[in-house]
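*Asks:* What follows is a structure written as structure tokens; I'll ask about it next.
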Amino acid sequence: MSVFANLVEHLADLLQPLFGASAAAAAIVLFTALVRLLVHPLSRAAARGQKARTALQPKIAELRKKHGKNPEKLQKAVLELHAEEKVSPLAGCLPGMLQIPAFFLLYHLFSSETIGGEANGLLGHRLFAAPLGERWADALQGGV
């Protein structure tokens, strides 16, 4: 975990000359963009899979008419259709599932006071004059 915290912190330090007080926010955007770039090939594959599943919808509708009263037979027929057409019904889930850890990591980076046994340096940064270590509502009430 501290490796990613250090990465975001170093990104913020590198972006400090360009973005000033908003360097931490820019680092978060850059980190998020890098994660999205890494899973882009999987997202393209998921889009192709979704297109193939959409093309199967008329055939699935026919199967529903044919086997509507027997759910077990319908399920078996739909699975056979997917296998026959080489289309996975779960292919679109993988890119989203791979991104979840990155977003949990970002949440953890800004909700933990210590990371790896050391003080969380990211919480000392500010975004639009509001400290990242505090809640926005508290910062606005304090007249920041």
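As shown in the structure tokens, the chain order sets the letters A, B, ...; within each chain, residues go from 1, and ligands are also counted from 1 in the order they appear.
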Counting only C-alpha atoms, what are the residues of segment 60-92 of chain A within 9 Å of segment 38-48 of chain A, and for each of them which pair of atoms is the nearest and at what distance in Å, to one decimal? Sort the table by chain and rising number, as a Markdown table.
*Replies:*
| residue | atom | partner | partner_atom | distance |
| --- | --- | --- | --- | --- |
| A:Leu90 | CA | A:Ala46 | CA | 8.9 |
| A:Ala91 | CA | A:Ala46 | CA | 5.6 |
| A:Gly92 | CA | A:Ala46 | CA | 4.4 |
*Asks:* Based on the selection just made, write N, CA and C atoms of those residues as a PDB file, in the first residue's frame.
*Replies:*
ATOM      1  N   LEU A  90     -19.954 -13.065 -19.277  1.00  0.00           N
ATOM      2  CA  LEU A  90     -19.325 -12.318 -18.186  1.00  0.00           C
ATOM      3  C   LEU A  90     -18.113 -11.500 -18.620  1.00  0.00           C
ATOM      4  N   ALA A  91     -17.826 -11.421 -19.902  1.00  0.00           N
ATOM      5  CA  ALA A  91     -16.617 -10.751 -20.381  1.00  0.00           C
ATOM      6  C   ALA A  91     -16.572  -9.272 -20.005  1.00  0.00           C
ATOM      7  N   GLY A  92     -17.684  -8.612 -19.899  1.00  0.00           N
ATOM      8  CA  GLY A  92     -17.697  -7.189 -19.601  1.00  0.00           C
ATOM      9  C   GLY A  92     -17.375  -6.849 -18.162  1.00  0.00           C
TER      10      GLY A  92
END
*Asks:* Would you list the contacts of segment 97-109 of chain A as a PyMOL selection string, taking every protein, DNA or RNA residue within 9 Å and counting only C-alpha atoms, but skipping same-chain residues closer than 2 positions in sequence?
*Replies:* chain A and resi 1-2+4-5+8+28+31-32+35-36+39+93-95+111-115+120+122-123
*Asks:* Write down as a ChimeraX atom specification the residues of chain A whose backbone DSSP state falls under helix (DSSP H, G or I).
*Replies:* /A:2-38,40-67,71-85,93-109,121-124,136-141
